[in-house]
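Have a look at my_file.pdb; it's PDB, C-alpha atoms and all ligand atoms:
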```pdb
ATOM      1  CA  MET A   1     -33.049 -27.807   0.158
ATOM      2  CA  PRO A   2     -30.206 -25.388   1.135
ATOM      3  CA  SER A   3     -30.250 -21.941  -0.440
ATOM      4  CA  ILE A   4     -27.416 -19.663  -1.496
ATOM      5  CA  TRP A   5     -27.405 -15.957  -2.349
ATOM      6  CA  ILE A   6     -25.534 -15.448  -5.599
ATOM      7  CA  ASP A   7     -25.166 -12.187  -7.542
ATOM      8  CA  GLY A   8     -28.255 -10.707  -5.915
ATOM      9  CA  GLN A   9     -30.553 -13.729  -5.930
ATOM     10  CA  LEU A  10     -31.463 -16.379  -3.435
ATOM     11  CA  ILE A  11     -31.501 -19.726  -5.254
ATOM     12  CA  PRO A  12     -31.282 -23.430  -4.361
ATOM     13  CA  LEU A  13     -27.633 -24.338  -3.713
ATOM     14  CA  GLU A  14     -27.671 -27.079  -6.345
ATOM     15  CA  GLU A  15     -28.586 -24.528  -9.020
ATOM     16  CA  ALA A  16     -25.563 -22.309  -8.279
ATOM     17  CA  ARG A  17     -22.973 -22.578 -11.046
ATOM     18  CA  VAL A  18     -19.393 -21.357 -11.496
ATOM     19  CA  SER A  19     -17.480 -21.917 -14.725
ATOM     20  CA  VAL A  20     -14.565 -24.342 -14.791
ATOM     21  CA  LEU A  21     -12.764 -21.574 -16.659
ATOM     22  CA  SER A  22     -13.140 -19.103 -13.779
ATOM     23  CA  HIS A  23      -9.998 -16.949 -13.406
ATOM     24  CA  THR A  24     -10.150 -17.459  -9.628
ATOM     25  CA  LEU A  25     -10.181 -21.248  -9.931
ATOM     26  CA  HIS A  26      -7.017 -21.114 -12.044
ATOM     27  CA  TYR A  27      -5.022 -18.334 -10.416
ATOM     28  CA  GLY A  28      -6.437 -17.854  -6.902
ATOM     29  CA  VAL A  29      -7.387 -14.162  -7.036
ATOM     30  CA  GLY A  30     -10.597 -14.085  -5.060
ATOM     31  CA  VAL A  31     -11.506 -13.017  -1.543
ATOM     32  CA  PHE A  32     -13.774 -14.330   1.161
ATOM     33  CA  GLU A  33     -14.974 -14.001   4.720
ATOM     34  CA  GLY A  34     -16.005 -16.371   7.499
ATOM     35  CA  ILE A  35     -18.735 -15.056   9.785
ATOM     36  CA  ARG A  36     -20.796 -16.699  12.515
ATOM     37  CA  SER A  37     -24.254 -16.150  13.917
ATOM     38  CA  TYR A  38     -25.360 -17.282  17.350
ATOM     39  CA  ALA A  39     -28.740 -17.973  18.919
ATOM     40  CA  SER A  40     -29.468 -15.358  21.539
ATOM     41  CA  GLY A  41     -28.717 -16.342  25.128
ATOM     42  CA  ILE A  42     -30.909 -13.528  26.455
ATOM     43  CA  GLU A  43     -33.984 -14.686  28.371
ATOM     44  CA  GLY A  44     -37.161 -14.081  26.395
ATOM     45  CA  GLU A  45     -35.243 -13.575  23.117
ATOM     46  CA  GLU A  46     -34.640 -17.240  22.305
ATOM     47  CA  ASP A  47     -36.346 -16.935  18.918
ATOM     48  CA  THR A  48     -33.758 -14.420  17.741
ATOM     49  CA  ALA A  49     -30.132 -14.800  16.768
ATOM     50  CA  ALA A  50     -27.338 -12.370  15.950
ATOM     51  CA  ILE A  51     -24.541 -12.220  13.406
ATOM     52  CA  PHE A  52     -21.325 -11.355  15.220
ATOM     53  CA  ARG A  53     -19.393  -8.261  14.063
ATOM     54  CA  LEU A  54     -21.014  -8.361  10.640
ATOM     55  CA  ASP A  55     -20.048  -4.813   9.702
ATOM     56  CA  ASP A  56     -16.396  -5.403  10.657
ATOM     57  CA  HIS A  57     -16.292  -8.605   8.603
ATOM     58  CA  LEU A  58     -17.781  -6.864   5.574
ATOM     59  CA  ARG A  59     -15.343  -4.005   5.956
ATOM     60  CA  ARG A  60     -12.532  -6.561   5.866
ATOM     61  CA  LEU A  61     -14.105  -8.132   2.770
ATOM     62  CA  GLU A  62     -14.010  -4.682   1.143
ATOM     63  CA  ASP A  63     -10.367  -4.248   2.224
ATOM     64  CA  SER A  64      -9.446  -7.660   0.815
ATOM     65  CA  ALA A  65     -11.183  -6.820  -2.476
ATOM     66  CA  HIS A  66      -9.515  -3.399  -2.607
ATOM     67  CA  ILE A  67      -6.080  -4.966  -2.084
ATOM     68  CA  CYS A  68      -6.821  -7.319  -5.020
ATOM     69  CA  HIS A  69      -8.244  -4.571  -7.293
ATOM     70  CA  LEU A  70     -11.610  -6.329  -7.291
ATOM     71  CA  PRO A  71     -14.524  -3.892  -7.525
ATOM     72  CA  LEU A  72     -17.281  -5.387  -5.373
ATOM     73  CA  PRO A  73     -20.560  -5.565  -7.279
ATOM     74  CA  PHE A  74     -22.660  -4.954  -4.120
ATOM     75  CA  SER A  75     -22.611  -2.428  -1.298
ATOM     76  CA  ARG A  76     -21.905  -3.301   2.326
ATOM     77  CA  GLU A  77     -25.599  -2.846   3.122
ATOM     78  CA  GLN A  78     -26.640  -5.190   0.311
ATOM     79  CA  ILE A  79     -24.196  -7.876   1.410
ATOM     80  CA  ALA A  80     -25.306  -7.504   5.033
ATOM     81  CA  GLU A  81     -28.899  -7.981   3.948
ATOM     82  CA  ALA A  82     -27.876 -11.046   1.934
ATOM     83  CA  CYS A  83     -26.203 -12.537   5.024
ATOM     84  CA  VAL A  84     -29.413 -12.238   7.055
ATOM     85  CA  LYS A  85     -31.542 -13.552   4.174
ATOM     86  CA  VAL A  86     -29.434 -16.617   3.587
ATOM     87  CA  LEU A  87     -29.432 -17.543   7.289
ATOM     88  CA  GLN A  88     -33.194 -17.153   7.450
ATOM     89  CA  ALA A  89     -33.747 -19.088   4.224
ATOM     90  CA  ASN A  90     -31.705 -21.962   5.622
ATOM     91  CA  ASP A  91     -33.390 -21.756   9.021
ATOM     92  CA  LEU A  92     -30.104 -21.221  10.808
ATOM     93  CA  GLN A  93     -29.633 -19.571  14.170
ATOM     94  CA  ASN A  94     -26.135 -20.887  14.812
ATOM     95  CA  GLY A  95     -24.818 -20.525  11.302
ATOM     96  CA  TYR A  96     -21.521 -20.059   9.511
ATOM     97  CA  LEU A  97     -21.617 -17.549   6.661
ATOM     98  CA  ARG A  98     -19.213 -17.606   3.766
ATOM     99  CA  PRO A  99     -19.282 -14.534   1.511
ATOM    100  CA  VAL A 100     -17.020 -15.255  -1.446
ATOM    101  CA  VAL A 101     -15.918 -13.088  -4.356
ATOM    102  CA  TRP A 102     -14.541 -14.505  -7.587
ATOM    103  CA  GLN A 103     -13.864 -13.582 -11.205
ATOM    104  CA  ASP A 104     -15.436 -15.390 -14.095
ATOM    105  CA  ASP A 105     -16.465 -14.671 -17.687
ATOM    106  CA  GLY A 106     -16.773 -18.297 -18.758
ATOM    107  CA  THR A 107     -13.702 -18.063 -20.979
ATOM    108  CA  LEU A 108     -10.042 -18.775 -20.365
ATOM    109  CA  GLY A 109      -8.119 -15.518 -20.001
ATOM    110  CA  GLY A 110      -4.508 -14.816 -19.128
ATOM    111  CA  LEU A 111      -3.218 -13.653 -15.752
ATOM    112  CA  GLY A 112      -3.743 -10.030 -16.711
ATOM    113  CA  SER A 113      -7.341 -10.403 -17.842
ATOM    114  CA  MET A 114      -9.991  -8.779 -15.671
ATOM    115  CA  PRO A 115     -13.141 -10.934 -15.808
ATOM    116  CA  THR A 116     -16.448  -9.962 -14.190
ATOM    117  CA  VAL A 117     -16.498  -9.972 -10.393
ATOM    118  CA  HIS A 118     -19.172 -12.147  -8.745
ATOM    119  CA  LEU A 119     -20.283 -12.402  -5.153
ATOM    120  CA  ALA A 120     -22.080 -15.169  -3.294
ATOM    121  CA  VAL A 121     -23.045 -15.729   0.320
ATOM    122  CA  ALA A 122     -23.377 -19.319   1.500
ATOM    123  CA  ALA A 123     -24.489 -20.455   4.938
ATOM    124  CA  GLN A 124     -24.307 -23.720   6.760
ATOM    125  CA  ASN A 125     -24.429 -25.262  10.169
ATOM    126  CA  TRP A 126     -20.925 -25.589  11.590
ATOM    127  CA  GLY A 127     -20.211 -26.804  15.090
ATOM    128  CA  ALA A 128     -16.944 -26.345  16.975
ATOM    129  CA  TYR A 129     -14.317 -26.096  14.199
ATOM    130  CA  LEU A 130     -11.645 -27.860  16.243
ATOM    131  CA  GLY A 131     -14.125 -30.253  17.845
ATOM    132  CA  ASP A 132     -16.206 -30.030  21.024
ATOM    133  CA  ASP A 133     -13.503 -31.845  22.927
ATOM    134  CA  GLY A 134     -10.920 -29.392  21.632
ATOM    135  CA  LEU A 135     -13.019 -26.445  22.725
ATOM    136  CA  HIS A 136     -13.200 -27.769  26.276
ATOM    137  CA  LYS A 137     -10.055 -29.822  26.819
ATOM    138  CA  GLY A 138      -7.649 -28.198  24.378
ATOM    139  CA  ILE A 139      -5.957 -29.273  21.168
ATOM    140  CA  SER A 140      -2.478 -30.366  20.110
ATOM    141  CA  VAL A 141      -0.592 -28.211  17.626
ATOM    142  CA  ARG A 142       2.506 -28.590  15.520
ATOM    143  CA  VAL A 143       4.754 -25.794  14.338
ATOM    144  CA  SER A 144       4.872 -26.402  10.600
ATOM    145  CA  ALA A 145       7.756 -26.117   8.163
ATOM    146  CA  TYR A 146       5.389 -24.162   5.907
ATOM    147  CA  ARG A 147       5.783 -20.425   6.462
ATOM    148  CA  ARG A 148       3.415 -17.486   6.590
ATOM    149  CA  GLY A 149       4.374 -15.571   3.442
ATOM    150  CA  GLY A 150       6.868 -12.705   3.432
ATOM    151  CA  LEU A 151       5.294  -9.280   3.831
ATOM    152  CA  GLY A 152       6.616  -8.157   0.420
ATOM    153  CA  SER A 153       4.273 -10.321  -1.602
ATOM    154  CA  PHE A 154       1.913 -11.901   0.900
ATOM    155  CA  MET A 155      -1.048  -9.666   1.674
ATOM    156  CA  SER A 156      -1.568 -10.496   5.351
ATOM    157  CA  ARG A 157      -4.458  -8.136   5.856
ATOM    158  CA  ALA A 158      -6.534  -9.766   3.162
ATOM    159  CA  LYS A 159      -8.405 -13.053   3.081
ATOM    160  CA  ILE A 160      -7.367 -14.040  -0.438
ATOM    161  CA  ASN A 161      -8.274 -17.505  -1.746
ATOM    162  CA  GLY A 162      -4.815 -18.256  -3.158
ATOM    163  CA  GLN A 163      -3.096 -17.374   0.087
ATOM    164  CA  TYR A 164      -4.571 -20.414   1.802
ATOM    165  CA  VAL A 165      -2.422 -22.962  -0.029
ATOM    166  CA  ALA A 166       0.406 -23.106   2.546
ATOM    167  CA  SER A 167      -2.105 -23.037   5.405
ATOM    168  CA  THR A 168      -4.089 -25.889   3.855
ATOM    169  CA  LEU A 169      -0.977 -28.001   3.293
ATOM    170  CA  ALA A 170       0.213 -27.288   6.838
ATOM    171  CA  LYS A 171      -3.172 -28.196   8.296
ATOM    172  CA  ARG A 172      -3.431 -31.427   6.305
ATOM    173  CA  GLU A 173       0.112 -32.366   7.260
ATOM    174  CA  ALA A 174      -0.610 -31.718  10.950
ATOM    175  CA  LEU A 175      -3.765 -33.865  10.795
ATOM    176  CA  ALA A 176      -1.933 -36.658   8.988
ATOM    177  CA  MET A 177       0.689 -36.637  11.751
ATOM    178  CA  GLY A 178      -1.953 -36.882  14.461
ATOM    179  CA  TYR A 179      -2.062 -33.227  15.580
ATOM    180  CA  ASP A 180      -5.205 -31.090  15.598
ATOM    181  CA  GLU A 181      -3.806 -27.908  14.070
ATOM    182  CA  ALA A 182      -0.705 -26.350  12.511
ATOM    183  CA  LEU A 183       1.041 -23.139  13.540
ATOM    184  CA  LEU A 184       2.980 -21.197  10.937
ATOM    185  CA  MET A 185       6.159 -19.187  11.500
ATOM    186  CA  ASP A 186       7.363 -16.208   9.481
ATOM    187  CA  ASP A 187      10.758 -16.152   7.758
ATOM    188  CA  HIS A 188      12.408 -14.936  10.984
ATOM    189  CA  GLY A 189      11.224 -17.883  13.076
ATOM    190  CA  HIS A 190       8.452 -16.066  14.909
ATOM    191  CA  VAL A 191       5.326 -18.121  15.384
ATOM    192  CA  CYS A 192       2.603 -16.073  13.713
ATOM    193  CA  GLU A 193      -0.719 -17.892  13.797
ATOM    194  CA  GLY A 194      -2.595 -21.102  13.109
ATOM    195  CA  SER A 195      -3.778 -22.167   9.658
ATOM    196  CA  GLY A 196      -6.949 -20.141  10.258
ATOM    197  CA  GLU A 197      -6.584 -18.743  13.783
ATOM    198  CA  ASN A 198      -4.668 -16.117  15.713
ATOM    199  CA  LEU A 199      -2.351 -17.112  18.525
ATOM    200  CA  PHE A 200      -2.189 -16.068  22.194
ATOM    201  CA  MET A 201       0.048 -17.180  25.056
ATOM    202  CA  ILE A 202       0.316 -16.423  28.741
ATOM    203  CA  ARG A 203       3.457 -16.653  30.844
ATOM    204  CA  ASP A 204       3.878 -15.231  34.333
ATOM    205  CA  ASN A 205       0.571 -13.363  34.071
ATOM    206  CA  VAL A 206       1.512 -11.617  30.828
ATOM    207  CA  LEU A 207      -0.887 -12.112  27.917
ATOM    208  CA  MET A 208       0.887 -11.984  24.562
ATOM    209  CA  THR A 209      -0.179 -12.104  20.936
ATOM    210  CA  PRO A 210       1.797 -11.252  17.781
ATOM    211  CA  PRO A 211       1.271  -7.636  16.673
ATOM    212  CA  ALA A 212      -0.921  -6.650  13.749
ATOM    213  CA  SER A 213       2.321  -5.728  11.939
ATOM    214  CA  ALA A 214       3.375  -9.413  11.957
ATOM    215  CA  ALA A 215       2.500 -11.756   9.077
ATOM    216  CA  ILE A 216      -0.935 -12.419  10.538
ATOM    217  CA  LEU A 217      -4.496 -11.780   9.584
ATOM    218  CA  PRO A 218      -5.564  -9.256  12.233
ATOM    219  CA  GLY A 219      -8.529 -11.340  13.310
ATOM    220  CA  LEU A 220     -11.759  -9.955  14.660
ATOM    221  CA  THR A 221     -11.875 -12.641  17.349
ATOM    222  CA  ARG A 222      -8.327 -11.600  18.304
ATOM    223  CA  ASP A 223      -9.560  -8.034  18.640
ATOM    224  CA  THR A 224     -12.613  -9.151  20.654
ATOM    225  CA  VAL A 225     -10.446 -11.197  23.030
ATOM    226  CA  LEU A 226      -7.897  -8.391  23.458
ATOM    227  CA  ARG A 227     -10.669  -5.968  24.390
ATOM    228  CA  LEU A 228     -12.134  -8.492  26.837
ATOM    229  CA  ALA A 229      -8.710  -9.067  28.363
ATOM    230  CA  TYR A 230      -8.267  -5.329  29.006
ATOM    231  CA  ARG A 231     -11.742  -5.131  30.499
ATOM    232  CA  MET A 232     -11.246  -8.218  32.717
ATOM    233  CA  ARG A 233      -7.577  -7.619  33.424
ATOM    234  CA  GLU A 234      -7.850  -7.565  37.217
ATOM    235  CA  ASP A 235     -10.107 -10.599  37.391
ATOM    236  CA  LEU A 236      -7.743 -12.459  35.045
ATOM    237  CA  GLY A 237      -4.775 -11.486  37.213
ATOM    238  CA  LEU A 238      -2.875 -10.131  34.213
ATOM    239  CA  ARG A 239      -0.037  -7.728  34.963
ATOM    240  CA  GLU A 240       0.512  -6.966  31.287
ATOM    241  CA  ILE A 241      -1.207  -7.377  27.919
ATOM    242  CA  THR A 242       1.189  -7.046  25.024
ATOM    243  CA  GLU A 243       1.325  -7.424  21.276
ATOM    244  CA  SER A 244       4.786  -8.826  20.618
ATOM    245  CA  PHE A 245       6.555 -11.407  18.486
ATOM    246  CA  ILE A 246       6.572 -14.931  19.881
ATOM    247  CA  ALA A 247       9.545 -17.264  19.425
ATOM    248  CA  ARG A 248       8.904 -20.959  18.936
ATOM    249  CA  ASP A 249      10.512 -21.986  22.227
ATOM    250  CA  ALA A 250       8.663 -19.266  24.167
ATOM    251  CA  LEU A 251       5.479 -21.042  23.216
ATOM    252  CA  MET A 252       6.781 -24.367  24.525
ATOM    253  CA  VAL A 253       7.265 -22.955  28.022
ATOM    254  CA  ALA A 254       4.034 -20.937  28.131
ATOM    255  CA  ASP A 255       1.648 -21.333  31.057
ATOM    256  CA  GLU A 256      -1.317 -21.182  28.672
ATOM    257  CA  VAL A 257      -1.743 -21.065  24.896
ATOM    258  CA  PHE A 258      -4.957 -20.574  22.964
ATOM    259  CA  LEU A 259      -6.149 -19.883  19.428
ATOM    260  CA  THR A 260      -8.870 -17.484  18.301
ATOM    261  CA  GLY A 261     -10.914 -17.277  15.130
ATOM    262  CA  THR A 262     -14.446 -17.033  13.846
ATOM    263  CA  ALA A 263     -14.390 -20.760  13.141
ATOM    264  CA  ALA A 264     -12.214 -21.808  16.110
ATOM    265  CA  GLU A 265     -13.791 -19.294  18.542
ATOM    266  CA  VAL A 266     -11.517 -19.477  21.632
ATOM    267  CA  THR A 267      -9.799 -22.869  21.637
ATOM    268  CA  PRO A 268      -7.265 -23.861  24.315
ATOM    269  CA  VAL A 269      -3.995 -25.520  23.258
ATOM    270  CA  ARG A 270      -2.808 -28.330  25.510
ATOM    271  CA  GLU A 271       0.300 -29.367  23.599
ATOM    272  CA  VAL A 272       2.818 -27.599  21.332
ATOM    273  CA  ASP A 273       5.200 -29.853  19.398
ATOM    274  CA  ASN A 274       4.589 -32.630  21.958
ATOM    275  CA  ARG A 275       5.412 -30.357  24.916
ATOM    276  CA  VAL A 276       2.556 -30.299  27.409
ATOM    277  CA  ILE A 277       1.305 -26.775  28.147
ATOM    278  CA  GLY A 278       0.044 -25.813  31.587
ATOM    279  CA  GLY A 279      -0.795 -29.297  32.816
ATOM    280  CA  GLY A 280      -2.376 -30.355  29.525
ATOM    281  CA  LYS A 281      -5.768 -28.717  29.950
ATOM    282  CA  ALA A 282      -7.473 -25.368  29.420
ATOM    283  CA  GLY A 283      -5.857 -22.798  31.730
ATOM    284  CA  PRO A 284      -7.796 -20.420  34.008
ATOM    285  CA  VAL A 285      -7.272 -17.271  31.925
ATOM    286  CA  THR A 286      -8.214 -19.087  28.711
ATOM    287  CA  SER A 287     -11.371 -20.496  30.300
ATOM    288  CA  LYS A 288     -12.500 -17.116  31.607
ATOM    289  CA  LEU A 289     -11.867 -15.426  28.265
ATOM    290  CA  GLN A 290     -13.679 -18.243  26.488
ATOM    291  CA  ASP A 291     -16.726 -17.845  28.768
ATOM    292  CA  ALA A 292     -16.741 -14.089  28.254
ATOM    293  CA  PHE A 293     -16.431 -14.539  24.480
ATOM    294  CA  PHE A 294     -19.448 -16.856  24.341
ATOM    295  CA  GLY A 295     -21.348 -14.398  26.531
ATOM    296  CA  VAL A 296     -20.592 -11.550  24.129
ATOM    297  CA  VAL A 297     -21.602 -13.438  20.978
ATOM    298  CA  ARG A 298     -24.833 -14.626  22.609
ATOM    299  CA  GLY A 299     -25.660 -11.233  24.043
ATOM    300  CA  THR A 300     -25.362 -12.050  27.755
ATOM    301  CA  VAL A 301     -22.133 -10.088  28.256
ATOM    302  CA  ASP A 302     -21.976  -6.394  27.313
ATOM    303  CA  ALA A 303     -20.413  -5.602  23.955
ATOM    304  CA  PRO A 304     -19.894  -2.412  21.946
ATOM    305  CA  LYS A 305     -22.906  -1.238  19.986
ATOM    306  CA  GLY A 306     -23.163  -2.735  16.514
ATOM    307  CA  TRP A 307     -21.366  -5.982  17.274
ATOM    308  CA  ARG A 308     -24.557  -8.059  17.176
ATOM    309  CA  THR A 309     -26.817  -7.815  14.119
ATOM    310  CA  THR A 310     -29.976  -9.467  15.394
ATOM    311  CA  PHE A 311     -32.513 -11.189  13.203
ATOM    312  CA  GLY A 312     -35.644 -13.267  13.633
ATOM    313  CA  SER A 313     -34.527 -16.731  12.777
ATOM    314  CA  VAL A 314     -37.519 -18.165  10.959
ATOM    315  CA  ALA A 315     -38.222 -17.023   7.416
ATOM    316  CA  HIS A 316     -41.161 -19.164   6.459
TER     317      HIS A 316
HETATM  318  C1  LIG B 401      -5.162 -16.971   8.473
HETATM  319  C2  LIG B 401      -6.183 -16.580   9.487
HETATM  320  N1  LIG B 401      -5.781 -16.043  10.655
HETATM  321  C3  LIG B 401      -6.659 -15.676  11.597
HETATM  322  C4  LIG B 401      -8.013 -15.828  11.427
HETATM  323  C5  LIG B 401      -8.972 -15.386  12.490
HETATM  324  O1  LIG B 401      -9.660 -14.236  12.094
HETATM  325  P1  LIG B 401     -11.138 -13.938  12.607
HETATM  326  O2  LIG B 401     -11.067 -13.949  14.099
HETATM  327  O3  LIG B 401     -11.446 -12.589  12.074
HETATM  328  O4  LIG B 401     -12.007 -14.999  12.080
HETATM  329  C6  LIG B 401      -8.490 -16.380  10.217
HETATM  330  C7  LIG B 401      -9.930 -16.538   9.982
HETATM  331  O5  LIG B 401     -10.533 -15.742   9.327
HETATM  332  C8  LIG B 401      -7.561 -16.751   9.229
HETATM  333  O6  LIG B 401      -7.967 -17.279   8.068
END
```
Exercise: express the given structure as structure tokens:
Amino acid sequence: MPSIWIDGQLIPLEEARVSVLSHTLHYGVGVFEGIRSYASGIEGEEDTAAIFRLDDHLRRLEDSAHICHLPLPFSREQIAEACVKVLQANDLQNGYLRPVVWQDDGTLGGLGSMPTVHLAVAAQNWGAYLGDDGLHKGISVRVSAYRRGGLGSFMSRAKINGQYVASTLAKREALAMGYDEALLMDDHGHVCEGSGENLFMIRDNVLMTPPASAAILPGLTRDTVLRLAYRMREDLGLREITESFIARDALMVADEVFLTGTAAEVTPVREVDNRVIGGGKAGPVTSKLQDAFFGVVRGTVDAPKGWRTTFGSVAH
């Protein structure tokens, strides 16, 4: 039976309860993270796995909570420990972790009420978010009419539950229309990111991604890929790596496009708004960055200290 860590205790998932009157359910003020663990690819260490960039994810969880005035009831160390415990309890090496923070006192309060803050960490097995085929052959995307929120009221840096409404509607609309994923523009017509992924393009050996000052979540996979690109720049044949705004039509004439995210990992894009990109398959730069990314998360390619939190995968 799957287990979940909730308010300090590991319990069977089916025993976990949240009130229907939870403030977060009604108004959307809650925060969350998405984190992955990977079985080690290092010879002789096959019985271990590692959570990727756990500390950075938990720091972002703290930032998201801070932005929402939500005092976290557990320290970073306690939540990190919970992440390991819940993976082990569910016997997961390649796991997807979902820390989630919500407010609930079991009574209906107004917008301004400040119910108790709760924290849970769930874990499950999750394969390639955009499909195995997508990971290898590329996906089709549609630039949505739904926008990434304006910077005045939309807290881009935070993963806030309520901020995923437009992304969810855009994603569902894209799927219903036969595309794999939606891209969202800001109010100025710059393409910002996918419904849950950051965006990269390559044209004439220049690698581009929207800057952290755009209406994007500054993703940790984005950061990982940028660092890899700088490190591998010569091998990738890149004459420039830049963080700049991307117009919709610039994307249509890109040589390569790809998306990054904890869930999506590094996924090539083969079509934007029905325009074929780079011959309709994963491009050479994308493929090399994808290989390097999987090497880093599995421990076979060098990464900065602290990026891999290793754990023995069997708890019982
Ligand atoms: C809106 C949005 N953009 C980008 C990302 C990618 O961020 P990361 O690479 O940290 O998972 C995510 C996923 O968390 C997201 O929800």
Contacts of ligand LIG 401 (chain B), 7 Å or closer, only C-alpha atoms and all ligand atoms, given as a list in words: Glu33, Gly34, Lys159, Glu193, Gly194, Ser195, Gly196, Glu197, Asn198, Ile216, Leu217, Pro218, Gly219, Leu220, Thr221, Arg222, Thr260, Gly261, Thr262 and Ala263 of chain A
Region 240-315 of chain A near region 202-215 of chain A within 7 Å: what's each residue's closest atom pair and its distance in Å to one decimal, counting all atoms listed in the file, ordered by chain then ascending residue number, as a tab-separated table?
```
residue	atom	partner	partner_atom	distance
A:Glu240	CA	A:Val206	CA	4.8
A:Ile241	CA	A:Leu207	CA	4.7
A:Thr242	CA	A:Met208	CA	5.0
A:Glu243	CA	A:Pro211	CA	4.6
A:Ser244	CA	A:Pro210	CA	4.8
A:Phe245	CA	A:Pro210	CA	4.8
A:Ile246	CA	A:Pro210	CA	6.4
A:Ala254	CA	A:Arg203	CA	5.1
A:Asp255	CA	A:Arg203	CA	5.0
A:Glu256	CA	A:Ile202	CA	5.0
A:Val257	CA	A:Ile202	CA	6.4
```
Test item: the PyMOL selection byres (((chain A and resi 126-140) around 9) and not hetatm) resolved as a PyMOL selection string: chain A and resi 36+94-96+124-125+141-142+178-182+258+263-274+276+280-282+287
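You can rank A:Val285, A:Leu10, A:Ala145, A:Val296 by their closest distance to Gly237 (chain A) using all atoms listed in the file, and at the top of that list sits A:Val285.
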Selection dump of the PyMOL selection byres (((chain A and resi 64) around 9) and not hetatm), as a PyMOL selection string: chain A and resi 30-32+59-63+65-70+155+157-160
Region 308-311 of chain A environment, 9 Å, all atoms listed in the file, sequence neighbours closer than 5 positions dropped, as a list of chain:residue names: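 Near region 308-311 of chain A, the qualifying residues are A:Ser37, A:Ser40, A:Asp47, A:Thr48, A:Ala49, A:Ala50, A:Ile51, A:Phe52, A:Arg53, A:Leu54, A:Asp55, A:Val84, A:Gln88, A:Gln93, A:Val296, A:Val297, A:Arg298, A:Gly299, A:Ala303.
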Shortest interatomic distance to Gly112 (chain A) - which of A:Ala247, A:Val225, A:Val29, A:Leu13, counting all atoms listed in the file: A:Val29
For Gly109 (chain A), the nearest of the candidates A:Asp302, A:Tyr27, A:Ile35, A:Met201, counting only C-alpha atoms: A:Tyr27
Pick from A:Leu289, A:Leu119, A:Pro2, A:Cys192 nearest to Ser156 (chain A), counting all atoms listed in the file: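 Looking at the shortest contact to Ser156 (chain A), the residue is A:Cys192.
CA of Gly162 (chain A) is found 15.5 Å from CA of Asp104 (chain A).
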Set the distance at 10 Å and use all atoms listed in the file: which residues neighbour Val165 (chain A) once local chain neighbours fewer than 3 positions away are removed? I'd like the list as an mmCIF file with C-alpha atoms, in the frame of the given file.
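Writing done, so here's selection.cif:
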```cif
data_model
loop_
_atom_site.group_PDB
_atom_site.id
_atom_site.type_symbol
_atom_site.label_atom_id
_atom_site.label_comp_id
_atom_site.auth_asym_id
_atom_site.auth_seq_id
_atom_site.Cartn_x
_atom_site.Cartn_y
_atom_site.Cartn_z
ATOM 1 C CA GLY A 28 -6.437 -17.854 -6.902
ATOM 2 C CA TYR A 146 5.389 -24.162 5.907
ATOM 3 C CA ASN A 161 -8.274 -17.505 -1.746
ATOM 4 C CA GLY A 162 -4.815 -18.256 -3.158
ATOM 5 C CA THR A 168 -4.089 -25.889 3.855
ATOM 6 C CA LEU A 169 -0.977 -28.001 3.293
ATOM 7 C CA ALA A 170 0.213 -27.288 6.838
ATOM 8 C CA LYS A 171 -3.172 -28.196 8.296
ATOM 9 C CA SER A 195 -3.778 -22.167 9.658
#
```
CA of Met1 (chain A) to CA of Leu87 (chain A), straight-line distance in Å: 13.0 Å
Distance of CA of Arg172 (chain A) from CA of Arg248 (chain A), expressed in Å to one decimal place: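 For CA of Arg248 (chain A) relative to CA of Arg172 (chain A), the distance reads 20.5 Å.
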